[in-house]
>>> print(open('entry.txt').read())   # compact mmCIF, N, CA and C atoms
# COMPACT_ATOMS: atom_id res chain seq x y z
N MET V 1 -12.94 19.86 45.68
CA MET V 1 -12.64 18.45 45.57
C MET V 1 -13.44 17.82 44.44
N ILE V 2 -14.73 18.14 44.36
CA ILE V 2 -15.58 17.57 43.33
C ILE V 2 -15.18 18.12 41.97
N LYS V 3 -14.81 19.38 41.91
CA LYS V 3 -14.41 19.97 40.64
C LYS V 3 -13.16 19.30 40.08
N THR V 4 -12.19 18.98 40.92
CA THR V 4 -10.97 18.32 40.48
C THR V 4 -11.27 16.93 39.93
N SER V 5 -12.11 16.18 40.61
CA SER V 5 -12.47 14.85 40.16
C SER V 5 -13.24 14.91 38.85
N LEU V 6 -14.16 15.84 38.74
CA LEU V 6 -14.93 16.01 37.52
C LEU V 6 -14.03 16.43 36.37
N MET V 7 -13.09 17.32 36.65
CA MET V 7 -12.16 17.77 35.62
C MET V 7 -11.29 16.63 35.13
N ARG V 8 -10.78 15.80 36.03
CA ARG V 8 -9.96 14.64 35.64
C ARG V 8 -10.76 13.67 34.79
N THR V 9 -11.99 13.41 35.17
CA THR V 9 -12.85 12.51 34.41
C THR V 9 -13.12 13.06 33.02
N LEU V 10 -13.39 14.35 32.94
CA LEU V 10 -13.64 14.99 31.66
C LEU V 10 -12.42 14.92 30.76
N ILE V 11 -11.26 15.24 31.30
CA ILE V 11 -10.02 15.19 30.52
C ILE V 11 -9.73 13.76 30.07
N LEU V 12 -9.88 12.81 30.96
CA LEU V 12 -9.66 11.40 30.61
C LEU V 12 -10.63 10.96 29.52
N GLY V 13 -11.88 11.39 29.61
CA GLY V 13 -12.87 11.06 28.59
C GLY V 13 -12.52 11.64 27.23
N VAL V 14 -12.14 12.90 27.20
CA VAL V 14 -11.78 13.56 25.94
C VAL V 14 -10.54 12.89 25.32
N VAL V 15 -9.53 12.63 26.13
CA VAL V 15 -8.32 11.98 25.62
C VAL V 15 -8.65 10.58 25.10
N SER V 16 -9.48 9.84 25.81
CA SER V 16 -9.87 8.50 25.36
C SER V 16 -10.60 8.54 24.03
N ILE V 17 -11.51 9.49 23.89
CA ILE V 17 -12.24 9.62 22.63
C ILE V 17 -11.29 9.95 21.49
N LEU V 18 -10.36 10.87 21.71
CA LEU V 18 -9.40 11.24 20.66
C LEU V 18 -8.53 10.06 20.26
N VAL V 19 -8.04 9.32 21.24
CA VAL V 19 -7.16 8.19 20.94
C VAL V 19 -7.91 7.08 20.23
N LEU V 20 -9.10 6.77 20.68
CA LEU V 20 -9.84 5.66 20.11
C LEU V 20 -10.51 5.98 18.78
N SER V 21 -10.81 7.23 18.53
CA SER V 21 -11.52 7.56 17.30
C SER V 21 -10.62 8.14 16.22
N SER V 22 -9.35 8.26 16.47
CA SER V 22 -8.50 8.92 15.49
C SER V 22 -7.71 7.95 14.62
N CYS V 23 -8.04 6.71 14.63
CA CYS V 23 -7.38 5.74 13.78
C CYS V 23 -8.28 5.43 12.59
N VAL V 24 -7.77 5.65 11.38
CA VAL V 24 -8.55 5.47 10.17
C VAL V 24 -7.70 4.72 9.16
N SER V 25 -8.33 3.81 8.42
CA SER V 25 -7.65 3.12 7.32
C SER V 25 -8.43 3.34 6.05
N MET V 26 -7.70 3.48 4.93
CA MET V 26 -8.34 3.66 3.64
C MET V 26 -7.62 2.80 2.61
N HIS V 27 -8.38 2.07 1.81
CA HIS V 27 -7.81 1.23 0.76
C HIS V 27 -8.14 1.85 -0.60
N THR V 28 -7.13 1.93 -1.45
CA THR V 28 -7.35 2.37 -2.83
C THR V 28 -6.51 1.48 -3.73
N GLY V 29 -6.79 1.49 -5.01
CA GLY V 29 -6.01 0.66 -5.92
C GLY V 29 -6.32 0.97 -7.36
N LEU V 30 -5.52 0.40 -8.25
CA LEU V 30 -5.72 0.53 -9.67
C LEU V 30 -5.14 -0.67 -10.38
N THR V 31 -5.53 -0.82 -11.63
CA THR V 31 -5.07 -1.95 -12.43
C THR V 31 -4.33 -1.40 -13.64
N ALA V 32 -3.23 -2.05 -13.99
CA ALA V 32 -2.44 -1.66 -15.15
C ALA V 32 -1.85 -2.92 -15.77
N SER V 33 -1.35 -2.78 -16.96
CA SER V 33 -0.70 -3.92 -17.61
C SER V 33 0.49 -3.42 -18.39
N SER V 34 1.59 -4.13 -18.30
CA SER V 34 2.77 -3.73 -19.04
C SER V 34 2.97 -4.58 -20.28
N ALA V 35 2.10 -5.57 -20.48
CA ALA V 35 2.24 -6.44 -21.64
C ALA V 35 0.86 -6.64 -22.27
N SER V 36 0.80 -6.60 -23.58
CA SER V 36 -0.46 -6.81 -24.29
C SER V 36 -0.69 -8.31 -24.45
N LEU V 37 -1.81 -8.77 -23.92
CA LEU V 37 -2.13 -10.20 -23.98
C LEU V 37 -3.34 -10.44 -24.89
N SER V 38 -3.37 -9.73 -26.00
CA SER V 38 -4.52 -9.83 -26.90
C SER V 38 -4.47 -11.07 -27.79
N LYS V 39 -3.29 -11.66 -27.96
CA LYS V 39 -3.14 -12.87 -28.79
C LYS V 39 -2.77 -14.04 -27.88
N ASN V 40 -2.96 -15.21 -28.39
CA ASN V 40 -2.61 -16.43 -27.65
C ASN V 40 -1.16 -16.82 -27.94
N ASN V 41 -0.24 -15.90 -27.67
CA ASN V 41 1.17 -16.14 -27.97
C ASN V 41 2.03 -16.07 -26.71
N PHE V 42 1.47 -16.49 -25.59
CA PHE V 42 2.20 -16.39 -24.33
C PHE V 42 1.80 -17.55 -23.43
N THR V 43 2.62 -17.77 -22.42
CA THR V 43 2.32 -18.75 -21.38
C THR V 43 2.60 -18.10 -20.03
N TYR V 44 1.86 -18.50 -19.02
CA TYR V 44 2.08 -17.96 -17.68
C TYR V 44 3.26 -18.68 -17.02
N ILE V 45 4.17 -17.90 -16.49
CA ILE V 45 5.30 -18.43 -15.73
C ILE V 45 4.94 -18.47 -14.25
N ALA V 46 4.31 -17.42 -13.76
CA ALA V 46 3.87 -17.34 -12.36
C ALA V 46 2.65 -16.42 -12.31
N LYS V 47 1.73 -16.73 -11.40
CA LYS V 47 0.53 -15.91 -11.24
C LYS V 47 0.49 -15.33 -9.84
N ASN V 48 -0.05 -14.13 -9.75
CA ASN V 48 -0.28 -13.45 -8.47
C ASN V 48 0.97 -13.32 -7.61
N VAL V 49 2.09 -12.95 -8.23
CA VAL V 49 3.29 -12.68 -7.44
C VAL V 49 3.12 -11.29 -6.82
N GLN V 50 3.66 -11.12 -5.61
CA GLN V 50 3.45 -9.86 -4.90
C GLN V 50 4.75 -9.27 -4.38
N GLY V 51 4.76 -7.98 -4.35
CA GLY V 51 5.81 -7.22 -3.69
C GLY V 51 5.16 -6.09 -2.93
N SER V 52 5.75 -5.69 -1.83
CA SER V 52 5.14 -4.60 -1.06
C SER V 52 6.22 -3.69 -0.48
N ALA V 53 5.80 -2.49 -0.19
CA ALA V 53 6.67 -1.48 0.43
C ALA V 53 5.78 -0.58 1.28
N SER V 54 6.36 -0.01 2.33
CA SER V 54 5.57 0.88 3.18
C SER V 54 6.43 2.02 3.69
N VAL V 55 5.73 3.06 4.13
CA VAL V 55 6.39 4.24 4.68
C VAL V 55 5.52 4.78 5.81
N THR V 56 6.17 5.30 6.85
CA THR V 56 5.47 5.97 7.94
C THR V 56 5.91 7.42 7.95
N GLN V 57 4.92 8.31 7.89
CA GLN V 57 5.19 9.74 7.90
C GLN V 57 4.66 10.31 9.21
N TYR V 58 5.46 11.11 9.86
CA TYR V 58 5.08 11.65 11.16
C TYR V 58 4.37 12.98 11.08
N ILE V 59 4.36 13.59 9.94
CA ILE V 59 3.50 14.74 9.69
C ILE V 59 2.75 14.38 8.42
N ALA V 60 1.55 13.87 8.58
CA ALA V 60 0.81 13.26 7.48
C ALA V 60 0.37 14.26 6.42
N LEU V 61 0.53 15.54 6.66
CA LEU V 61 0.11 16.53 5.69
C LEU V 61 1.13 16.72 4.57
N ILE V 62 2.33 16.18 4.75
CA ILE V 62 3.35 16.27 3.71
C ILE V 62 2.94 15.38 2.55
N PRO V 63 3.07 15.84 1.30
CA PRO V 63 2.66 15.03 0.15
C PRO V 63 3.30 13.64 0.18
N GLY V 64 2.54 12.68 -0.34
CA GLY V 64 2.93 11.27 -0.27
C GLY V 64 4.10 10.89 -1.16
N THR V 65 4.46 9.64 -1.03
CA THR V 65 5.58 9.07 -1.76
C THR V 65 5.10 7.85 -2.55
N LYS V 66 3.90 7.97 -3.15
CA LYS V 66 3.28 6.81 -3.80
C LYS V 66 4.11 6.26 -4.95
N ASN V 67 4.68 7.11 -5.78
CA ASN V 67 5.47 6.60 -6.92
C ASN V 67 6.67 5.80 -6.43
N ALA V 68 7.32 6.27 -5.39
CA ALA V 68 8.47 5.54 -4.85
C ALA V 68 8.02 4.21 -4.25
N LEU V 69 6.88 4.18 -3.59
CA LEU V 69 6.37 2.93 -3.01
C LEU V 69 6.05 1.92 -4.10
N VAL V 70 5.43 2.37 -5.18
CA VAL V 70 5.11 1.46 -6.29
C VAL V 70 6.40 0.89 -6.87
N ASN V 71 7.39 1.74 -7.08
CA ASN V 71 8.66 1.26 -7.63
C ASN V 71 9.34 0.27 -6.69
N ASP V 72 9.35 0.57 -5.39
CA ASP V 72 9.98 -0.35 -4.42
C ASP V 72 9.26 -1.70 -4.40
N ALA V 73 7.94 -1.69 -4.45
CA ALA V 73 7.17 -2.94 -4.45
C ALA V 73 7.43 -3.73 -5.73
N LYS V 74 7.51 -3.03 -6.86
CA LYS V 74 7.81 -3.70 -8.13
C LYS V 74 9.22 -4.29 -8.12
N GLN V 75 10.18 -3.55 -7.56
CA GLN V 75 11.55 -4.06 -7.47
C GLN V 75 11.63 -5.30 -6.58
N GLU V 76 10.77 -5.36 -5.55
CA GLU V 76 10.74 -6.56 -4.71
C GLU V 76 10.28 -7.78 -5.51
N ILE V 77 9.30 -7.59 -6.40
CA ILE V 77 8.87 -8.68 -7.28
C ILE V 77 10.01 -9.11 -8.18
N LEU V 78 10.66 -8.13 -8.79
CA LEU V 78 11.74 -8.45 -9.74
C LEU V 78 12.95 -9.08 -9.06
N LYS V 79 13.13 -8.81 -7.78
CA LYS V 79 14.22 -9.44 -7.03
C LYS V 79 13.90 -10.92 -6.80
N LYS V 80 12.64 -11.22 -6.49
CA LYS V 80 12.21 -12.61 -6.28
C LYS V 80 12.10 -13.38 -7.59
N TYR V 81 11.64 -12.69 -8.64
CA TYR V 81 11.40 -13.32 -9.94
C TYR V 81 12.08 -12.49 -11.03
N PRO V 82 13.38 -12.61 -11.20
CA PRO V 82 14.05 -11.84 -12.25
C PRO V 82 13.50 -12.24 -13.63
N LEU V 83 13.17 -11.24 -14.44
CA LEU V 83 12.62 -11.52 -15.76
C LEU V 83 13.72 -11.95 -16.71
N LYS V 84 13.40 -12.95 -17.52
CA LYS V 84 14.31 -13.43 -18.56
C LYS V 84 13.85 -12.85 -19.89
N ASP V 85 14.59 -13.17 -20.95
CA ASP V 85 14.20 -12.71 -22.29
C ASP V 85 12.79 -13.20 -22.60
N ASN V 86 12.01 -12.36 -23.27
CA ASN V 86 10.64 -12.64 -23.69
C ASN V 86 9.66 -12.74 -22.52
N GLN V 87 10.04 -12.33 -21.32
CA GLN V 87 9.14 -12.35 -20.18
C GLN V 87 8.76 -10.92 -19.81
N ALA V 88 7.56 -10.79 -19.24
CA ALA V 88 7.08 -9.46 -18.84
C ALA V 88 6.08 -9.61 -17.70
N LEU V 89 5.91 -8.51 -16.96
CA LEU V 89 4.85 -8.45 -15.95
C LEU V 89 3.56 -8.08 -16.65
N SER V 90 2.46 -8.70 -16.23
CA SER V 90 1.17 -8.41 -16.83
C SER V 90 0.10 -8.48 -15.75
N ASN V 91 -1.09 -7.97 -16.07
CA ASN V 91 -2.22 -7.97 -15.14
C ASN V 91 -1.82 -7.38 -13.79
N ILE V 92 -1.19 -6.25 -13.83
CA ILE V 92 -0.66 -5.61 -12.63
C ILE V 92 -1.78 -4.89 -11.87
N THR V 93 -1.84 -5.14 -10.58
CA THR V 93 -2.73 -4.36 -9.72
C THR V 93 -1.88 -3.71 -8.64
N ILE V 94 -2.26 -2.49 -8.29
CA ILE V 94 -1.54 -1.72 -7.29
C ILE V 94 -2.55 -1.31 -6.22
N ASP V 95 -2.30 -1.74 -5.00
CA ASP V 95 -3.20 -1.44 -3.89
C ASP V 95 -2.47 -0.63 -2.83
N PHE V 96 -3.16 0.38 -2.33
CA PHE V 96 -2.62 1.20 -1.25
C PHE V 96 -3.51 1.06 -0.03
N LYS V 97 -2.91 0.98 1.12
CA LYS V 97 -3.63 1.04 2.39
C LYS V 97 -2.96 2.13 3.22
N SER V 98 -3.74 3.15 3.54
CA SER V 98 -3.23 4.25 4.36
C SER V 98 -3.94 4.22 5.70
N SER V 99 -3.18 4.34 6.76
CA SER V 99 -3.73 4.38 8.11
C SER V 99 -3.29 5.67 8.78
N LEU V 100 -4.27 6.39 9.32
CA LEU V 100 -3.98 7.61 10.07
C LEU V 100 -4.10 7.30 11.55
N ILE V 101 -3.11 7.74 12.30
CA ILE V 101 -3.09 7.54 13.74
C ILE V 101 -3.00 8.92 14.39
N LEU V 102 -3.82 9.16 15.36
CA LEU V 102 -3.88 10.46 16.03
C LEU V 102 -4.16 11.57 15.04
N GLY V 103 -5.21 11.39 14.26
CA GLY V 103 -5.58 12.40 13.27
C GLY V 103 -4.51 12.51 12.20
N PRO V 104 -4.14 13.72 11.83
CA PRO V 104 -3.16 13.88 10.75
C PRO V 104 -1.71 13.85 11.22
N VAL V 105 -1.46 13.32 12.40
CA VAL V 105 -0.09 13.36 12.92
C VAL V 105 0.77 12.25 12.32
N ILE V 106 0.30 11.03 12.35
CA ILE V 106 1.09 9.89 11.85
C ILE V 106 0.29 9.18 10.77
N ARG V 107 0.91 8.95 9.61
CA ARG V 107 0.26 8.21 8.53
C ARG V 107 1.20 7.10 8.07
N THR V 108 0.67 5.89 7.99
CA THR V 108 1.40 4.76 7.44
C THR V 108 0.74 4.39 6.11
N THR V 109 1.53 4.30 5.06
CA THR V 109 1.02 3.92 3.74
C THR V 109 1.75 2.67 3.29
N LYS V 110 0.98 1.65 2.92
CA LYS V 110 1.55 0.40 2.40
C LYS V 110 1.07 0.21 0.97
N CYS V 111 1.99 -0.12 0.09
CA CYS V 111 1.69 -0.38 -1.31
C CYS V 111 1.97 -1.85 -1.60
N THR V 112 1.01 -2.52 -2.20
CA THR V 112 1.20 -3.90 -2.62
C THR V 112 0.97 -3.98 -4.12
N VAL V 113 1.94 -4.49 -4.84
CA VAL V 113 1.84 -4.69 -6.28
C VAL V 113 1.70 -6.20 -6.51
N THR V 114 0.67 -6.57 -7.26
CA THR V 114 0.43 -7.96 -7.62
C THR V 114 0.46 -8.05 -9.14
N ALA V 115 1.11 -9.09 -9.67
CA ALA V 115 1.24 -9.23 -11.11
C ALA V 115 1.36 -10.70 -11.50
N ASP V 116 1.15 -10.95 -12.77
CA ASP V 116 1.45 -12.25 -13.36
C ASP V 116 2.71 -12.08 -14.19
N ILE V 117 3.49 -13.15 -14.29
CA ILE V 117 4.66 -13.14 -15.16
C ILE V 117 4.32 -14.01 -16.36
N VAL V 118 4.44 -13.43 -17.53
CA VAL V 118 4.15 -14.17 -18.77
C VAL V 118 5.42 -14.26 -19.61
N GLU V 119 5.47 -15.30 -20.42
CA GLU V 119 6.57 -15.46 -21.37
C GLU V 119 5.95 -15.57 -22.75
N PHE V 120 6.44 -14.75 -23.66
CA PHE V 120 5.92 -14.75 -25.02
C PHE V 120 6.61 -15.84 -25.83
N ILE V 121 5.79 -16.55 -26.61
CA ILE V 121 6.28 -17.63 -27.46
C ILE V 121 6.66 -17.04 -28.80
N GLU V 122 7.82 -17.38 -29.25
CA GLU V 122 8.29 -16.81 -30.53
C GLU V 122 7.69 -17.53 -31.72
>>> encode(input="entry.txt", output="structure tokens")
Amino acid sequence: MIKTSLMRTLILGVVSILVLSSCVSMHTGLTASSASLSKNNFTYIAKNVQGSASVTQYIALIPGTKNALVNDAKQEILKKYPLKDNQALSNITIDFKSSLILGPVIRTTKCTVTADIVEFIE
């Protein structure tokens, strides 16, 4: 009787530790620019516009889809703010947040692209 109770407590403890300690988040990012702003020949149309995309993978060991996420997030910006002639995205930052759930079993990756929209003066 005591062994069964002790075994249940031990199993419950191990499962609780695994569930509570297996969630991890990691943030990474980089900065890029698609327009050269070295001269004073531009004006800002919009600042800090954002687009985001995410994916959930159920076997987290499979290589990521970061390039596709960046493109999807960028397309979300361009859908909200279609570029006109002489306009470009600039001061682009790309941030990733990856969360692991239950160790390497489930991984959620979110990509956020932030940029300014500039218009070049002729």
>>> closest_residue(input="entry.txt", among="V:Gln87, V:Thr65, V:Gln75, V:Thr9", to="Tyr44 in chain V", atoms="only C-alpha atoms")
V:Gln87
>>> residues_around(input="entry.txt", residues="Ala73 in chain V", least_positions_apart="3", cutoff="6 Å", atoms="only N, CA and C atoms", output="count of residues only")
9
>>> closest_residue(input="entry.txt", among="V:Ile117, V:Arg8, V:Asn91, V:Glu122", to="Ala46 in chain V", atoms="only N, CA and C atoms")
V:Ile117
>>> residues_around(input="entry.txt", residues="Ile121 in chain V", least_positions_apart="2", cutoff="9 Å", atoms="only C-alpha atoms", output="list in words")
Asn40, Asn41, Phe42, Thr43, Asn86 and Glu119 of chain V
>>> closest_residue(input="entry.txt", among="V:Ala115, V:Leu102, V:Ile11, V:Leu78", to="Ser90 in chain V", atoms="all atoms listed in the file")
V:Ala115
>>> closest_residue(input="entry.txt", among="V:Gln57, V:Thr93, V:Ser98, V:Ser38", to="Lys110 in chain V", atoms="all atoms listed in the file")
V:Ser98
>>> closest_residue(input="entry.txt", among="V:Lys80, V:Lys47, V:Lys74, V:Lys3", to="Asp116 in chain V", atoms="all atoms listed in the file")
V:Lys47
>>> closest_residue(input="entry.txt", among="V:Val49, V:Ile59, V:Leu6, V:Cys111", to="Lys79 in chain V", atoms="only C-alpha atoms")
V:Val49
